Each structure stands twice: as C-alpha cells, then as structure tokens.
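The file run-v2.txt comes next; it holds compact mmCIF, C-alpha atoms.
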# COMPACT_ATOMS: atom_id res chain seq x y z
CA MET A 82 4.76 16.58 26.68
CA ARG A 83 3.37 13.06 27.07
CA ALA A 84 0.35 13.98 24.91
CA GLU A 85 2.70 15.16 22.15
CA ARG A 86 4.66 11.91 22.24
CA THR A 87 1.42 9.90 22.15
CA ALA A 88 0.28 11.89 19.09
CA VAL A 89 3.47 11.05 17.20
CA GLU A 90 3.35 7.39 18.22
CA THR A 91 -0.28 7.23 17.03
CA LEU A 92 0.72 8.55 13.59
CA TYR A 93 3.09 5.58 13.14
CA ARG A 94 0.59 3.18 14.65
CA ALA A 95 -1.85 4.11 11.85
CA PHE A 96 0.50 2.21 9.49
CA SER A 97 1.18 -0.78 11.74
CA ASP A 98 -2.49 -1.09 12.77
CA LYS A 99 -3.61 -0.57 9.16
CA ASP A 100 -6.03 2.11 10.37
CA PRO A 101 -5.61 5.36 8.38
CA ASP A 102 -8.42 7.04 10.35
CA LEU A 103 -6.18 7.12 13.44
CA VAL A 104 -4.49 10.19 11.95
CA ASP A 105 -7.70 12.18 12.46
CA THR A 106 -7.04 12.06 16.19
CA VAL A 107 -3.50 13.48 16.01
CA LEU A 108 -3.01 15.59 12.88
CA ALA A 109 -4.11 19.20 12.58
CA SER A 110 -6.68 19.70 9.82
CA ASP A 111 -4.11 21.80 7.92
CA TRP A 112 -1.16 19.49 8.69
CA ASP A 113 1.81 20.25 6.44
CA ASP A 114 3.67 17.14 5.21
CA ILE A 115 7.03 18.18 3.75
CA LEU A 116 7.67 16.93 1.06
CA LEU A 117 4.50 15.48 -0.38
CA ALA A 118 4.83 12.20 -2.27
CA PRO A 119 4.08 12.36 -6.01
CA GLY A 120 0.30 12.67 -6.36
CA GLN A 121 -0.27 13.06 -2.61
CA GLU A 122 -2.92 15.58 -1.66
CA PRO A 123 -2.10 17.85 1.30
CA GLY A 124 -3.42 17.34 4.81
CA PRO A 125 -4.64 14.27 6.67
CA ASN A 126 -6.49 12.82 3.66
CA GLY A 127 -3.23 12.73 1.72
CA ILE A 128 -1.47 10.58 4.32
CA LYS A 129 -4.49 8.31 4.58
CA ALA A 130 -4.09 7.45 0.87
CA ILE A 131 -0.38 6.80 1.46
CA ILE A 132 -1.16 4.49 4.39
CA ARG A 133 -3.69 2.54 2.30
CA SER A 134 -1.27 2.12 -0.61
CA PHE A 135 1.56 1.13 1.71
CA VAL A 136 -0.58 -1.46 3.48
CA GLN A 137 -1.59 -2.84 0.05
CA ALA A 138 2.06 -3.15 -0.98
CA PHE A 139 3.28 -4.41 2.42
CA PRO A 140 0.35 -6.11 4.20
CA ASP A 141 2.53 -6.87 7.23
CA VAL A 142 3.98 -3.33 7.40
CA ARG A 143 5.41 -2.33 10.73
CA ILE A 144 7.10 0.82 11.95
CA ASP A 145 9.50 0.40 14.85
CA ILE A 146 10.52 3.59 16.63
CA HIS A 147 14.15 3.42 17.75
CA ASP A 148 14.65 6.94 19.11
CA ILE A 149 12.49 9.90 20.04
CA VAL A 150 14.09 13.23 20.91
CA GLN A 151 11.65 15.71 22.35
CA GLU A 152 11.32 19.25 23.60
CA PRO A 153 8.03 21.10 24.05
CA GLY A 154 6.35 21.41 20.65
CA LYS A 155 9.01 19.46 18.75
CA ILE A 156 9.76 15.76 18.32
CA GLY A 157 12.44 14.03 16.25
CA VAL A 158 12.06 10.35 15.37
CA ARG A 159 14.43 7.70 14.09
CA ALA A 160 12.47 4.64 13.01
CA GLU A 161 12.52 1.64 10.71
CA ILE A 162 9.81 0.43 8.37
CA SER A 163 9.61 -3.28 7.59
CA GLY A 164 7.32 -5.55 5.66
CA THR A 165 6.98 -8.13 2.91
CA HIS A 166 6.53 -6.73 -0.60
CA ARG A 167 3.28 -8.37 -1.75
CA GLY A 168 1.72 -5.55 -3.80
CA GLU A 169 2.88 -2.99 -6.31
CA ILE A 170 4.74 0.07 -5.04
CA PHE A 171 6.17 2.85 -7.25
CA GLY A 172 5.25 0.68 -10.24
CA ILE A 173 7.45 -2.16 -8.95
CA ALA A 174 5.64 -5.52 -9.10
CA PRO A 175 5.55 -7.63 -5.92
CA THR A 176 8.81 -9.42 -5.15
CA ASN A 177 7.75 -11.22 -1.94
CA LYS A 178 10.98 -9.92 -0.38
CA HIS A 179 11.03 -8.87 3.26
CA VAL A 180 12.56 -5.40 3.53
CA ARG A 181 13.65 -2.96 6.23
CA PHE A 182 14.47 0.68 5.61
CA ARG A 183 15.04 3.78 7.69
CA LEU A 184 12.83 6.77 8.38
CA TYR A 185 13.79 10.11 9.94
CA GLU A 186 11.12 12.65 10.81
CA PHE A 187 10.81 15.94 12.66
CA HIS A 188 7.39 17.02 13.90
CA THR A 189 6.11 20.29 15.29
CA LEU A 190 3.05 20.18 17.50
CA GLU A 191 0.52 22.66 18.84
CA GLN A 192 -2.13 21.86 21.43
CA GLY A 193 -1.31 18.14 21.25
CA ARG A 194 -1.70 17.91 17.44
CA ILE A 195 0.97 17.51 14.79
CA VAL A 196 1.00 20.61 12.57
CA THR A 197 4.10 20.00 10.44
CA THR A 198 6.21 16.95 9.56
CA TRP A 199 9.52 17.06 7.72
CA HIS A 200 10.56 13.57 6.69
CA MET A 201 13.12 11.53 4.84
CA GLU A 202 12.71 7.84 4.07
CA ASP A 203 15.47 5.68 2.62
CA TRP A 204 13.66 4.93 -0.66
CA PHE A 205 16.99 4.14 -2.36
CA GLY A 206 17.69 1.46 0.26
CA LEU A 207 14.19 0.05 -0.25
CA CYS A 208 14.67 -0.18 -4.02
CA LEU A 209 18.07 -1.85 -3.58
CA GLN A 210 16.46 -4.51 -1.38
CA LEU A 211 13.66 -5.02 -3.90
CA GLY A 212 16.18 -5.28 -6.74
CA ALA A 213 14.21 -2.78 -8.84
CA PHE A 214 13.75 0.95 -9.30
CA PRO A 215 10.72 2.90 -10.51
CA ALA A 216 10.60 3.42 -14.26
CA GLN A 217 11.90 6.78 -15.50
CA ALA A 218 9.24 9.14 -16.83
Encoded form (structure tokens):
Amino acid sequence: MRAERTAVETLYRAFSDKDPDLVDTVLASDWDDILLAPGQEPGPNGIKAIIRSFVQAFPDVRIDIHDIVQEPGKIGVRAEISGTHRGEIFGIAPTNKHVRFRLYEFHTLEQGRIVTTWHMEDWFGLCLQLGAFPAQA
C-alpha cells in the first residue's frame, strides 16, 4: 500500500515540482481522468499539458495534501492548491493575486499505477478570489 500512496503523492508533486514528466512514473498508459478539462486529451499526455498551463498561470503553484484515506487499490485525497496568478488561466488575465482553493480526488490503482482519477476542484472559489470568471461562449 505504500507504493500506491507514493504514486498518488508523485502525481501532485508533478505540479509543485513543475515536472510534468513525473506522471510517466505513476500513471497507467490508459489512465482515465474523469472529467477531462475542456480541450484536454486523454491519458498522461493530457495531464502534462494541464500541468504546463497551470505552472504558466501560477509559477509558484503548490499542492498541499491535507488528508489521504486509503484501502488497497483505492485512495481518496483532500488537498489545497495555492499560487500567485501571474499568467492567463481560463482566459482570465493575470491578477497577481495569491489564491488557495480546494481539491478532492479519488484514485484507483493497479500494480502500483493510477488507472482512474475522479476529481473535483473548487474552480468557483478560484474565480471568486481572482475577481473574474471565464467569458461565456
């Protein structure tokens, strides 16, 4: 079970360390990310693009894990993302505001690799802190 926990911690470290390639060591090649972000391609390459764009928008991004609940093959995470908004995100120009918002994820693992992630980020809370919302299509 320690290997599973390390895999999940490494996924979050890819953001904080600004190293998208870390996900190659912990995600299954057919990893299922539920729900995909708009324009996100499936699998590990899709999250790598998300990590790069997030690091561009929040160069000091950090993910702090507050709780991990684990049983064999399953891990639940309660975490918080923080950073200073210095690049565009969701079409919102940089505000230079420091933000913190919550993240809840549930991972399934097989043979020490993450195969599925269900997630929910508090994007509404982020936008409130930024004082702006994405433009309506």
Segment 210-215 of chain A surroundings by all atoms listed in the file, 6 Å radius, close-in-sequence under 2 positions cut, as a PDB file with C-alpha atoms, in the frame of the given file:
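This is the output file part_0.pdb:
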ATOM      1  CA  PHE A 171       6.170   2.850  -7.250  1.00  0.00           C
ATOM      2  CA  GLY A 172       5.250   0.680 -10.240  1.00  0.00           C
ATOM      3  CA  LEU A 207      14.190   0.050  -0.250  1.00  0.00           C
ATOM      4  CA  CYS A 208      14.670  -0.180  -4.020  1.00  0.00           C
TER       5      CYS A 208
END
Next on the checklist: What does the structure give for the distance between atom CA of Lys129 of chain A and atom CA of Asp98 of chain A, in Å to one decimal?
Outcome noted: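 Spanning atom CA of Lys129 of chain A to atom CA of Asp98 of chain A is a straight-line distance of 12.6 Å.
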Checklist entry - Out of A:Val142, A:Val150, A:Ala84, A:Ala109, which residue has the shortest atom-to-atom distance to Asn126 of chain A when counting only C-alpha atoms? => result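 That would be A:Ala109, the residue with the smallest distance to Asn126 of chain A.
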Box in all listed atoms of segment 126-144 of chain A, axis-aligned, with 8 Å more on each side; write out centre and edge lengths in Å to one decimal as JSON.
{"center_x": 0.3, "center_y": 3.0, "center_z": 5.5, "size_x": 29.6, "size_y": 35.7, "size_z": 28.9}
Checklist outcome for this item: With distances taken over all atoms listed in the file, the candidate from A:Asp114, A:Glu85, A:Glu90, A:Asp203 nearest Asp145 of chain A is A:Glu90
Next on the checklist: To one decimal place in Å, what is the distance between atom CA of Gln137 of chain A and atom CA of Gly168 of chain A?
Outcome noted: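 Interatomic distance, atom CA of Gln137 of chain A to atom CA of Gly168 of chain A: 5.8 Å.
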Next on the checklist: Using Å and a single decimal, report how far atom CA of Thr165 of chain A sits from atom CA of Val107 of chain A.
Outcome noted: 27.4 Å
Checklist entry - Restricting the calculation to all atoms listed in the file, which member of A:Gln217, A:Thr189, A:Thr176, A:Thr198 is positioned closest to Ile128 of chain A? => result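 Closest to Ile128 of chain A, using all atoms listed in the file: A:Thr198.
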I'd like the contact shell of Ser110 of chain A - 9 Å cut-off, only C-alpha atoms, skipping same-chain residues fewer than 4 positions apart - returned as a CSV table (one decimal) with C-alpha atoms, in the frame of the given file.
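File part_26.csv, as written:
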chain,number,residue,atom,x,y,z
A,105,ASP,CA,-7.7,12.2,12.5
A,124,GLY,CA,-3.4,17.3,4.8
A,125,PRO,CA,-4.6,14.3,6.7
A,196,VAL,CA,1.0,20.6,12.6
Item to check | Test item: which residues lie within 12 Å of (-7.6, 5.3, 11.1) counting all atoms listed in the file, as JSON, numbers by chain | outcome: {"A": [91, 92, 93, 94, 95, 96, 97, 98, 99, 100, 101, 102, 103, 104, 105, 106, 107, 108, 125, 126, 128, 129, 130, 132, 133]}
Checklist outcome for this item: Across A:Pro119, A:His188, A:Met201, A:Ala88, the smallest distance to Glu152 of chain A, with only C-alpha atoms counted, is shown by A:His188
Checklist entry - Looking at A:Leu209, A:Ile146, A:Thr197, A:Ala138, which one is nearest to Asn177 of chain A, with distances taken over all atoms listed in the file? => result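 Among the listed residues, A:Ala138 lies closest to Asn177 of chain A.
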Item to check | Test item: residues at most 12 Å from Arg167 of chain A, only C-alpha atoms, excluding those fewer than 3 positions along its chain, as a PyMOL selection string | outcome: chain A and resi 134-142+164+170+173-180+211
Checklist entry - Smallest atom-to-atom distance to Phe187 of chain A: which of A:Ile162, A:Ile156, A:Ile144, A:Val89, using only C-alpha atoms? => result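 Nearest to Phe187 of chain A: A:Ile156.
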I need segment 176-188 of chain A from the structure I supplied, saved as a PDB file, in the first residue's frame with N, CA and C atoms retained.
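Result saved to out_20.pdb:
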ATOM      1  N   THR A 176      -3.772  38.499 -12.413  1.00  0.00           N
ATOM      2  CA  THR A 176      -4.225  39.466 -11.397  1.00  0.00           C
ATOM      3  C   THR A 176      -3.159  39.710 -10.335  1.00  0.00           C
ATOM      4  N   ASN A 177      -2.132  38.871 -10.310  1.00  0.00           N
ATOM      5  CA  ASN A 177      -1.091  38.901  -9.271  1.00  0.00           C
ATOM      6  C   ASN A 177      -1.638  38.625  -7.880  1.00  0.00           C
ATOM      7  N   LYS A 178      -2.823  38.027  -7.805  1.00  0.00           N
ATOM      8  CA  LYS A 178      -3.423  37.664  -6.512  1.00  0.00           C
ATOM      9  C   LYS A 178      -2.953  36.278  -6.103  1.00  0.00           C
ATOM     10  N   HIS A 179      -2.672  36.121  -4.821  1.00  0.00           N
ATOM     11  CA  HIS A 179      -2.354  34.801  -4.274  1.00  0.00           C
ATOM     12  C   HIS A 179      -3.679  34.125  -3.927  1.00  0.00           C
ATOM     13  N   VAL A 180      -3.843  32.898  -4.400  1.00  0.00           N
ATOM     14  CA  VAL A 180      -5.104  32.182  -4.206  1.00  0.00           C
ATOM     15  C   VAL A 180      -4.857  30.827  -3.557  1.00  0.00           C
ATOM     16  N   ARG A 181      -5.906  30.302  -2.948  1.00  0.00           N
ATOM     17  CA  ARG A 181      -5.920  28.953  -2.390  1.00  0.00           C
ATOM     18  C   ARG A 181      -7.306  28.382  -2.678  1.00  0.00           C
ATOM     19  N   PHE A 182      -7.340  27.157  -3.226  1.00  0.00           N
ATOM     20  CA  PHE A 182      -8.640  26.537  -3.449  1.00  0.00           C
ATOM     21  C   PHE A 182      -8.523  25.023  -3.282  1.00  0.00           C
ATOM     22  N   ARG A 183      -9.663  24.413  -3.000  1.00  0.00           N
ATOM     23  CA  ARG A 183      -9.690  23.005  -2.610  1.00  0.00           C
ATOM     24  C   ARG A 183      -9.752  22.049  -3.794  1.00  0.00           C
ATOM     25  N   LEU A 184      -9.307  20.829  -3.518  1.00  0.00           N
ATOM     26  CA  LEU A 184      -9.253  19.761  -4.496  1.00  0.00           C
ATOM     27  C   LEU A 184      -9.632  18.462  -3.775  1.00  0.00           C
ATOM     28  N   TYR A 185     -10.530  17.710  -4.383  1.00  0.00           N
ATOM     29  CA  TYR A 185     -10.930  16.404  -3.847  1.00  0.00           C
ATOM     30  C   TYR A 185     -10.787  15.391  -4.967  1.00  0.00           C
ATOM     31  N   GLU A 186     -10.061  14.315  -4.716  1.00  0.00           N
ATOM     32  CA  GLU A 186      -9.853  13.315  -5.755  1.00  0.00           C
ATOM     33  C   GLU A 186      -9.931  11.909  -5.182  1.00  0.00           C
ATOM     34  N   PHE A 187     -10.377  10.993  -6.043  1.00  0.00           N
ATOM     35  CA  PHE A 187     -10.450   9.580  -5.704  1.00  0.00           C
ATOM     36  C   PHE A 187      -9.740   8.811  -6.811  1.00  0.00           C
ATOM     37  N   HIS A 188      -8.744   8.041  -6.433  1.00  0.00           N
ATOM     38  CA  HIS A 188      -7.910   7.311  -7.382  1.00  0.00           C
ATOM     39  C   HIS A 188      -8.103   5.815  -7.205  1.00  0.00           C
TER      40      HIS A 188
END
